Amino acid sequence: MLRSVAVIALDEVAAFELGVLAEVFGTDRTADGFPGYRFDVCTADGGPVRSRSGFALLPTADLTPVEDADLVAVPAHADGAPVPAPVLAALRRAADRGAWLLSVCAGAFVLGAAGLLDARDCTTHWRYVDELQRRHPSARVRCNSLYVQDGRLLTSAGTAAGIDACLHLVRQEHGSAVATRLARRMVVPPHRDGGQSQYVEAPIPKTPEAPTLEPVLEWLMGHLGRQVTVDELATRAGMTPRTFARRFRAETGTTPHDWLTNQRVLLARRLLEDTSLTVESIAGQAGFGDAAALRHHFTRRVGTTPIAYRTTFRERVDA
C-alpha cells in the first residue's frame, strides 16, 4: 500500500508539475477519510533550488527519504540541465527495490538518464517525444498516450496528464472509489479517454490522412461482453482485416486484442470493487468467457488475482 512519497526537485523545476504531485499526495485529507502519506520534496543536497517561474524552493530533505519511499516522483525541469549523479543513483536504487517511479512531462528524461526507460513503455509531452526516443532508442515511447504504466514505472505527458497519472496510481493503490472522490474534490475528471490498467491513449485525431477508428472503439466499449473478431471489426470500420489491424496499431499504438483485453480487465476491476458478482459472472460480463481466462489476463496486467484484488477492496464490495 502506498504510504510515503518522495519528490525529487532539480534546479529549474516546473512549479505546476511539482504542484500536481503536492496536491495529490502532499495535501492532508485524512480528516475526510482519504489516505495519508509521508510527503517529502527532496533535492540532491538538501539545499534550495530555483523554479522555472523564478522563485526559490526550499525542500524538506535531501535524498534520504528517497531510499525507502513507496513512490519516487520526478516533475519536469529545465531541458538539458545536468542531473546530479547522486539523484541518478538514488533512482536506480528505488527501481531495484521495487518502488513506484513516476515522472510528469519532461521528468521522463531524468528517468531515462538513470537508465530506467531502456526496453520499457513510456511517454512524455508531445513536444519532446522525438527527443526522448532519440536519446533512448531502446525505449518504447508512446507519443499518443496521456500516461503509460510499465510495471511500476509510470510516465505522463503534459501538465494535466500528470493529474491523470497520479489519479491512476491512486486507483491502483486505493481503488476506484477513492480516486473518484479525490478527482471530485480536485474538480477534475476521474478518467480521461479510457482507463486501461497499462496505459490510456490520447484522443484519436480525426484527419483525412488518418481516418478515425473512434466509432469502432466506442462500439467496442459498449459491447465488452461480446466475443468479436478482427474480421468483424474490420467490416464495421469498412476496411480489410489487414488494413484494419495496421490502422489500429497506428492510431492506438497496440493491437486490437491487447487494447480490448486491457479494457476488459478495467471493467473486471470495477465489477470486483463495486459488486458482489461471482468471478465467473464477472468473467462473462467482461467478455473473458470463463473465470480461468479472467484470472490469466487479470494477473498479467494487474499483478494479482481477481480474488486477492477483491479482498483488498472488500469494504467497497460489502458496502
# chains A, B, ... in the order shown; residues from 1 in each chain; ligands from 1

$ residues_around --residues "Asp121 in chain A" --least-positions-apart "4" --cutoff "8 Å" --atoms "only C-alpha atoms" --output "number ranges by chain"
A: 117, 139-142, 148-150

$ closest_atom_pairs --of "range 82-196 of chain A" --to "range 47-66 of chain A" --cutoff "10 Å" --atoms "only C-alpha atoms" --output "CSV"
residue,atom,partner,partner_atom,distance
A:Pro86,CA,A:Leu63,CA,8.2
A:Val87,CA,A:Leu63,CA,7.5
A:Ala90,CA,A:Val66,CA,6.8
A:Leu91,CA,A:Val66,CA,7.9
A:Arg93,CA,A:Val66,CA,9.0
A:Ala94,CA,A:Val66,CA,7.2
A:Ala99,CA,A:Val66,CA,9.5

$ write_last_selection --atoms "C-alpha atoms" --output "PDB file, in the first residue's frame"
ATOM      1  CA  PRO A  86      23.508  11.076  -6.589  1.00  0.00           C
ATOM      2  CA  VAL A  87      19.987  11.610  -7.985  1.00  0.00           C
ATOM      3  CA  ALA A  90      19.033   7.060  -5.873  1.00  0.00           C
ATOM      4  CA  LEU A  91      16.531   6.484  -8.693  1.00  0.00           C
ATOM      5  CA  ARG A  93      18.179   2.002  -6.098  1.00  0.00           C
ATOM      6  CA  ALA A  94      14.478   2.853  -5.859  1.00  0.00           C
ATOM      7  CA  ALA A  99       9.323   1.345  -5.572  1.00  0.00           C
TER       8      ALA A  99
END

$ select_by_dssp --residues "range 65-313 of chain A" --states "helix (DSSP H, G or I)" --output "PyMOL selection string"
chain A and resi 65-67+85-96+105-113+129-135+159-174+176-186+214-221+230-237+241-252+256-274+279-285+291-302+306-312

$ residues_around --residues "Arg236 in chain A" --least-positions-apart "2" --cutoff "12 Å" --atoms "only C-alpha atoms" --output "ChimeraX atom specification"
/A:213-220,228-234,238-241,244

$ closest_atom_pairs --of "range 154-263 of chain A" --to "range 287-298 of chain A" --cutoff "8 Å" --atoms "only C-alpha atoms" --output "Markdown table"
| residue | atom | partner | partner_atom | distance |
| --- | --- | --- | --- | --- |
| A:Leu224 | CA | A:Gly287 | CA | 5.5 |
| A:Gly225 | CA | A:Gly287 | CA | 3.7 |
| A:Arg226 | CA | A:Gly287 | CA | 5.7 |
| A:Gln227 | CA | A:Gly287 | CA | 6.5 |
| A:Thr261 | CA | A:His297 | CA | 7.5 |

$ atom_distance --atom1 "CA of Leu88 in chain A" --atom2 "CA of Ala9 in chain A"
12.5 Å

$ residues_around --residues "Pro84 in chain A" --least-positions-apart "6" --cutoff "10 Å" --atoms "only C-alpha atoms" --output "ChimeraX atom specification"
/A:10,43-45,110

$ write_last_selection --atoms "all heavy atoms" --output "PDB file, in the first residue's frame"
ATOM      1  N   LEU A  10      14.732  19.181  -9.068  1.00  0.00           N
ATOM      2  CA  LEU A  10      16.010  19.636  -9.609  1.00  0.00           C
ATOM      3  C   LEU A  10      15.942  21.128  -9.907  1.00  0.00           C
ATOM      4  O   LEU A  10      14.867  21.731  -9.884  1.00  0.00           O
ATOM      5  CB  LEU A  10      16.334  18.857 -10.880  1.00  0.00           C
ATOM      6  CG  LEU A  10      16.413  17.328 -10.713  1.00  0.00           C
ATOM      7  CD1 LEU A  10      16.587  16.663 -12.061  1.00  0.00           C
ATOM      8  CD2 LEU A  10      17.543  16.952  -9.766  1.00  0.00           C
ATOM      9  N   THR A  43      15.932  17.483  -2.590  1.00  0.00           N
ATOM     10  CA  THR A  43      16.925  17.949  -3.551  1.00  0.00           C
ATOM     11  C   THR A  43      18.214  17.174  -3.330  1.00  0.00           C
ATOM     12  O   THR A  43      18.379  16.487  -2.314  1.00  0.00           O
ATOM     13  CB  THR A  43      17.188  19.465  -3.418  1.00  0.00           C
ATOM     14  OG1 THR A  43      17.667  19.749  -2.099  1.00  0.00           O
ATOM     15  CG2 THR A  43      15.920  20.262  -3.675  1.00  0.00           C
ATOM     16  N   ALA A  44      19.118  17.292  -4.277  1.00  0.00           N
ATOM     17  CA  ALA A  44      20.324  16.471  -4.237  1.00  0.00           C
ATOM     18  C   ALA A  44      21.139  16.692  -2.967  1.00  0.00           C
ATOM     19  O   ALA A  44      21.709  15.749  -2.405  1.00  0.00           O
ATOM     20  CB  ALA A  44      21.184  16.750  -5.466  1.00  0.00           C
ATOM     21  N   ASP A  45      21.180  17.945  -2.487  1.00  0.00           N
ATOM     22  CA  ASP A  45      21.991  18.243  -1.304  1.00  0.00           C
ATOM     23  C   ASP A  45      21.175  18.799  -0.147  1.00  0.00           C
ATOM     24  O   ASP A  45      21.737  19.208   0.875  1.00  0.00           O
ATOM     25  CB  ASP A  45      23.104  19.231  -1.653  1.00  0.00           C
ATOM     26  CG  ASP A  45      22.572  20.545  -2.221  1.00  0.00           C
ATOM     27  OD1 ASP A  45      21.326  20.705  -2.302  1.00  0.00           O
ATOM     28  OD2 ASP A  45      23.388  21.401  -2.603  1.00  0.00           O
ATOM     29  N   VAL A 110      14.767  12.482 -16.870  1.00  0.00           N
ATOM     30  CA  VAL A 110      15.569  12.142 -15.696  1.00  0.00           C
ATOM     31  C   VAL A 110      15.570  10.626 -15.492  1.00  0.00           C
ATOM     32  O   VAL A 110      16.616  10.023 -15.237  1.00  0.00           O
ATOM     33  CB  VAL A 110      15.032  12.861 -14.449  1.00  0.00           C
ATOM     34  CG1 VAL A 110      15.868  12.497 -13.218  1.00  0.00           C
ATOM     35  CG2 VAL A 110      15.025  14.368 -14.653  1.00  0.00           C
TER      36      VAL A 110
END

$ residues_around --residues "Ala108 in chain A" --least-positions-apart "5" --cutoff "12 Å" --atoms "only C-alpha atoms" --output "JSON, numbers by chain"
{"A": [73, 74, 75, 76, 77, 79, 91, 101, 102, 103, 113, 114, 115, 116, 117, 118, 120, 121, 122, 123, 124, 125, 128, 129, 131, 132, 133, 135, 136, 139, 141, 147, 148, 153, 154, 155, 156, 157, 158, 162]}

$ write_last_selection --atoms "N, CA and C atoms" --output "compact mmCIF listing (two decimals), in the first residue's frame"
# COMPACT_ATOMS: atom_id res chain seq x y z
N ALA A 73 8.84 10.39 -7.27
CA ALA A 73 8.29 11.14 -8.39
C ALA A 73 9.25 12.22 -8.84
N VAL A 74 9.25 12.47 -10.17
CA VAL A 74 10.14 13.47 -10.75
C VAL A 74 9.31 14.41 -11.63
N PRO A 75 9.10 15.65 -11.20
CA PRO A 75 8.43 16.61 -12.06
C PRO A 75 9.37 17.12 -13.15
N ALA A 76 8.83 17.86 -14.10
CA ALA A 76 9.65 18.41 -15.18
C ALA A 76 10.64 19.43 -14.63
N HIS A 77 11.76 19.57 -15.33
CA HIS A 77 12.72 20.61 -15.02
C HIS A 77 13.31 21.09 -16.33
N ASP A 79 15.05 21.54 -19.66
CA ASP A 79 15.58 20.56 -20.60
C ASP A 79 17.08 20.79 -20.78
N LEU A 91 17.63 6.99 -7.87
CA LEU A 91 16.53 6.48 -8.69
C LEU A 91 16.75 5.01 -9.05
N LEU A 101 7.86 4.46 -9.58
CA LEU A 101 8.57 5.61 -10.14
C LEU A 101 7.61 6.34 -11.07
N LEU A 102 7.47 7.64 -10.88
CA LEU A 102 6.52 8.43 -11.66
C LEU A 102 7.19 9.70 -12.16
N SER A 103 7.02 9.99 -13.44
CA SER A 103 7.52 11.25 -13.99
C SER A 103 6.36 12.05 -14.55
N ALA A 113 17.84 9.22 -18.07
CA ALA A 113 19.26 9.41 -17.75
C ALA A 113 19.73 8.39 -16.72
N ALA A 114 18.80 7.89 -15.91
CA ALA A 114 19.15 6.86 -14.93
C ALA A 114 19.12 5.46 -15.53
N GLY A 115 18.79 5.36 -16.83
CA GLY A 115 18.75 4.06 -17.50
C GLY A 115 17.48 3.28 -17.22
N LEU A 116 16.41 3.95 -16.76
CA LEU A 116 15.21 3.25 -16.33
C LEU A 116 14.14 3.15 -17.42
N LEU A 117 14.41 3.72 -18.59
CA LEU A 117 13.45 3.63 -19.69
C LEU A 117 13.87 2.59 -20.73
N ASP A 118 15.01 2.00 -20.58
CA ASP A 118 15.50 1.04 -21.57
C ASP A 118 14.55 -0.15 -21.68
N ARG A 120 11.47 -0.21 -22.10
CA ARG A 120 10.22 0.00 -21.34
C ARG A 120 9.28 0.88 -22.15
N ASP A 121 7.97 0.70 -21.92
CA ASP A 121 6.97 1.61 -22.47
C ASP A 121 6.96 2.89 -21.66
N CYS A 122 6.87 4.03 -22.34
CA CYS A 122 6.91 5.30 -21.64
C CYS A 122 6.33 6.40 -22.52
N THR A 123 6.19 7.59 -21.95
CA THR A 123 5.73 8.73 -22.73
C THR A 123 6.25 10.00 -22.09
N THR A 124 6.02 11.12 -22.77
CA THR A 124 6.32 12.45 -22.25
C THR A 124 5.47 13.42 -23.06
N HIS A 125 5.65 14.71 -22.84
CA HIS A 125 4.91 15.72 -23.59
C HIS A 125 5.15 15.55 -25.09
N TYR A 128 8.27 16.63 -26.86
CA TYR A 128 9.56 16.04 -26.51
C TYR A 128 9.68 14.56 -26.87
N VAL A 129 8.63 13.97 -27.45
CA VAL A 129 8.68 12.51 -27.65
C VAL A 129 9.79 12.11 -28.62
N GLU A 131 12.62 13.64 -29.15
CA GLU A 131 13.92 13.77 -28.48
C GLU A 131 14.13 12.67 -27.46
N LEU A 132 13.06 12.30 -26.76
CA LEU A 132 13.18 11.21 -25.80
C LEU A 132 13.54 9.91 -26.51
N GLN A 133 12.91 9.66 -27.65
CA GLN A 133 13.22 8.46 -28.41
C GLN A 133 14.64 8.50 -28.96
N ARG A 135 17.27 10.04 -27.64
CA ARG A 135 18.23 9.84 -26.56
C ARG A 135 18.21 8.40 -26.02
N HIS A 136 17.04 7.77 -26.12
CA HIS A 136 16.89 6.43 -25.54
C HIS A 136 16.26 5.52 -26.59
N ALA A 139 13.98 2.59 -25.70
CA ALA A 139 12.71 2.84 -25.03
C ALA A 139 11.57 2.78 -26.05
N VAL A 141 8.63 4.63 -26.78
CA VAL A 141 7.98 5.90 -26.48
C VAL A 141 6.62 5.95 -27.19
N TYR A 147 -0.74 8.90 -20.40
CA TYR A 147 0.25 8.34 -19.47
C TYR A 147 0.40 6.87 -19.80
N VAL A 148 1.53 6.32 -19.37
CA VAL A 148 1.86 4.93 -19.66
C VAL A 148 2.36 4.27 -18.38
N LEU A 153 6.63 1.48 -13.29
CA LEU A 153 7.12 2.72 -13.90
C LEU A 153 5.94 3.42 -14.53
N LEU A 154 5.71 4.67 -14.15
CA LEU A 154 4.56 5.43 -14.64
C LEU A 154 5.05 6.76 -15.16
N THR A 155 4.87 7.00 -16.47
CA THR A 155 5.29 8.25 -17.08
C THR A 155 4.07 8.96 -17.65
N SER A 156 4.08 10.28 -17.63
CA SER A 156 2.91 11.02 -18.10
C SER A 156 3.33 12.10 -19.09
N ALA A 157 2.36 12.57 -19.83
CA ALA A 157 2.61 13.59 -20.85
C ALA A 157 2.63 14.97 -20.20
N GLY A 158 1.91 15.93 -20.77
CA GLY A 158 1.97 17.30 -20.26
C GLY A 158 1.34 17.47 -18.89
N GLY A 162 -0.29 14.76 -15.90
CA GLY A 162 0.29 14.39 -14.62
C GLY A 162 -0.79 14.12 -13.58

$ atom_distance --atom1 "CA of Thr252 in chain A" --atom2 "CA of Leu146 in chain A"
11.7 Å

$ residues_around --residues "Ala308 in chain A" --least-positions-apart "3" --cutoff "12 Å" --atoms "only C-alpha atoms" --output "list in words"
Arg269, Leu272, Glu273, Val279, Arg295, Phe298, Thr299, Val302, Gly303, Thr304, Thr305, Thr311, Thr312, Phe313 and Arg314 of chain A

$ write_last_selection --atoms "N, CA, C and O atoms" --output "short mmCIF file (atom, residue, chain, number, x, y, z; two decimals), in the first residue's frame"
data_model
loop_
_atom_site.label_atom_id
_atom_site.label_comp_id
_atom_site.auth_asym_id
_atom_site.auth_seq_id
_atom_site.Cartn_x
_atom_site.Cartn_y
_atom_site.Cartn_z
N ARG A 269 -12.14 -5.07 -12.97
CA ARG A 269 -11.72 -4.43 -11.72
C ARG A 269 -12.87 -3.66 -11.10
O ARG A 269 -13.11 -3.72 -9.89
N LEU A 272 -15.36 -6.10 -9.64
CA LEU A 272 -14.84 -6.70 -8.42
C LEU A 272 -14.94 -5.74 -7.24
O LEU A 272 -15.21 -6.15 -6.11
N GLU A 273 -14.72 -4.48 -7.49
CA GLU A 273 -14.76 -3.47 -6.43
C GLU A 273 -16.18 -3.12 -6.02
O GLU A 273 -16.47 -2.93 -4.83
N VAL A 279 -16.82 -14.40 -9.54
CA VAL A 279 -15.77 -14.22 -10.53
C VAL A 279 -16.21 -14.77 -11.88
O VAL A 279 -15.91 -14.20 -12.93
N ARG A 295 -8.74 -14.87 -14.84
CA ARG A 295 -7.58 -14.92 -13.93
C ARG A 295 -6.28 -14.75 -14.68
O ARG A 295 -5.36 -14.05 -14.22
N PHE A 298 -6.09 -11.02 -15.97
CA PHE A 298 -6.11 -10.09 -14.84
C PHE A 298 -4.77 -10.11 -14.11
O PHE A 298 -4.20 -9.07 -13.80
N THR A 299 -4.25 -11.31 -13.86
CA THR A 299 -2.99 -11.42 -13.14
C THR A 299 -1.84 -10.83 -13.93
O THR A 299 -0.96 -10.16 -13.37
N VAL A 302 -2.64 -6.75 -13.83
CA VAL A 302 -2.81 -6.07 -12.55
C VAL A 302 -1.78 -6.53 -11.53
O VAL A 302 -1.47 -5.82 -10.58
N GLY A 303 -1.25 -7.74 -11.72
CA GLY A 303 -0.23 -8.23 -10.82
C GLY A 303 -0.76 -8.99 -9.63
O GLY A 303 0.00 -9.31 -8.70
N THR A 304 -2.04 -9.28 -9.61
CA THR A 304 -2.63 -10.07 -8.55
C THR A 304 -3.85 -10.80 -9.10
O THR A 304 -4.31 -10.51 -10.21
N THR A 305 -4.41 -11.72 -8.35
CA THR A 305 -5.57 -12.48 -8.81
C THR A 305 -6.85 -11.68 -8.56
O THR A 305 -6.88 -10.78 -7.71
N THR A 311 -10.42 -8.90 -2.25
CA THR A 311 -10.18 -8.90 -0.81
C THR A 311 -9.57 -7.58 -0.35
O THR A 311 -9.93 -7.05 0.71
N THR A 312 -8.68 -7.03 -1.16
CA THR A 312 -8.05 -5.75 -0.81
C THR A 312 -9.07 -4.65 -0.69
O THR A 312 -8.97 -3.78 0.17
N PHE A 313 -10.10 -4.68 -1.55
CA PHE A 313 -11.10 -3.62 -1.56
C PHE A 313 -12.46 -4.12 -1.09
O PHE A 313 -13.50 -3.69 -1.57
N ARG A 314 -12.45 -5.04 -0.12
CA ARG A 314 -13.68 -5.69 0.33
C ARG A 314 -14.68 -4.69 0.88
O ARG A 314 -15.90 -4.87 0.77
#

$ atom_distance --atom1 "CA of Arg185 in chain A" --atom2 "CA of Arg29 in chain A"
10.2 Å

$ closest_residue --among "A:Thr275, A:Ala81, A:Phe109, A:Val170" --to "Pro190 in chain A" --atoms "only C-alpha atoms"
A:Val170

$ select_by_dssp --residues "range 54-287 of chain A" --states "strand (DSSP E)" --output "PyMOL selection string"
chain A and resi 56-57+71-74+100-103+121-122+140-141+145-150+153-156+199-201
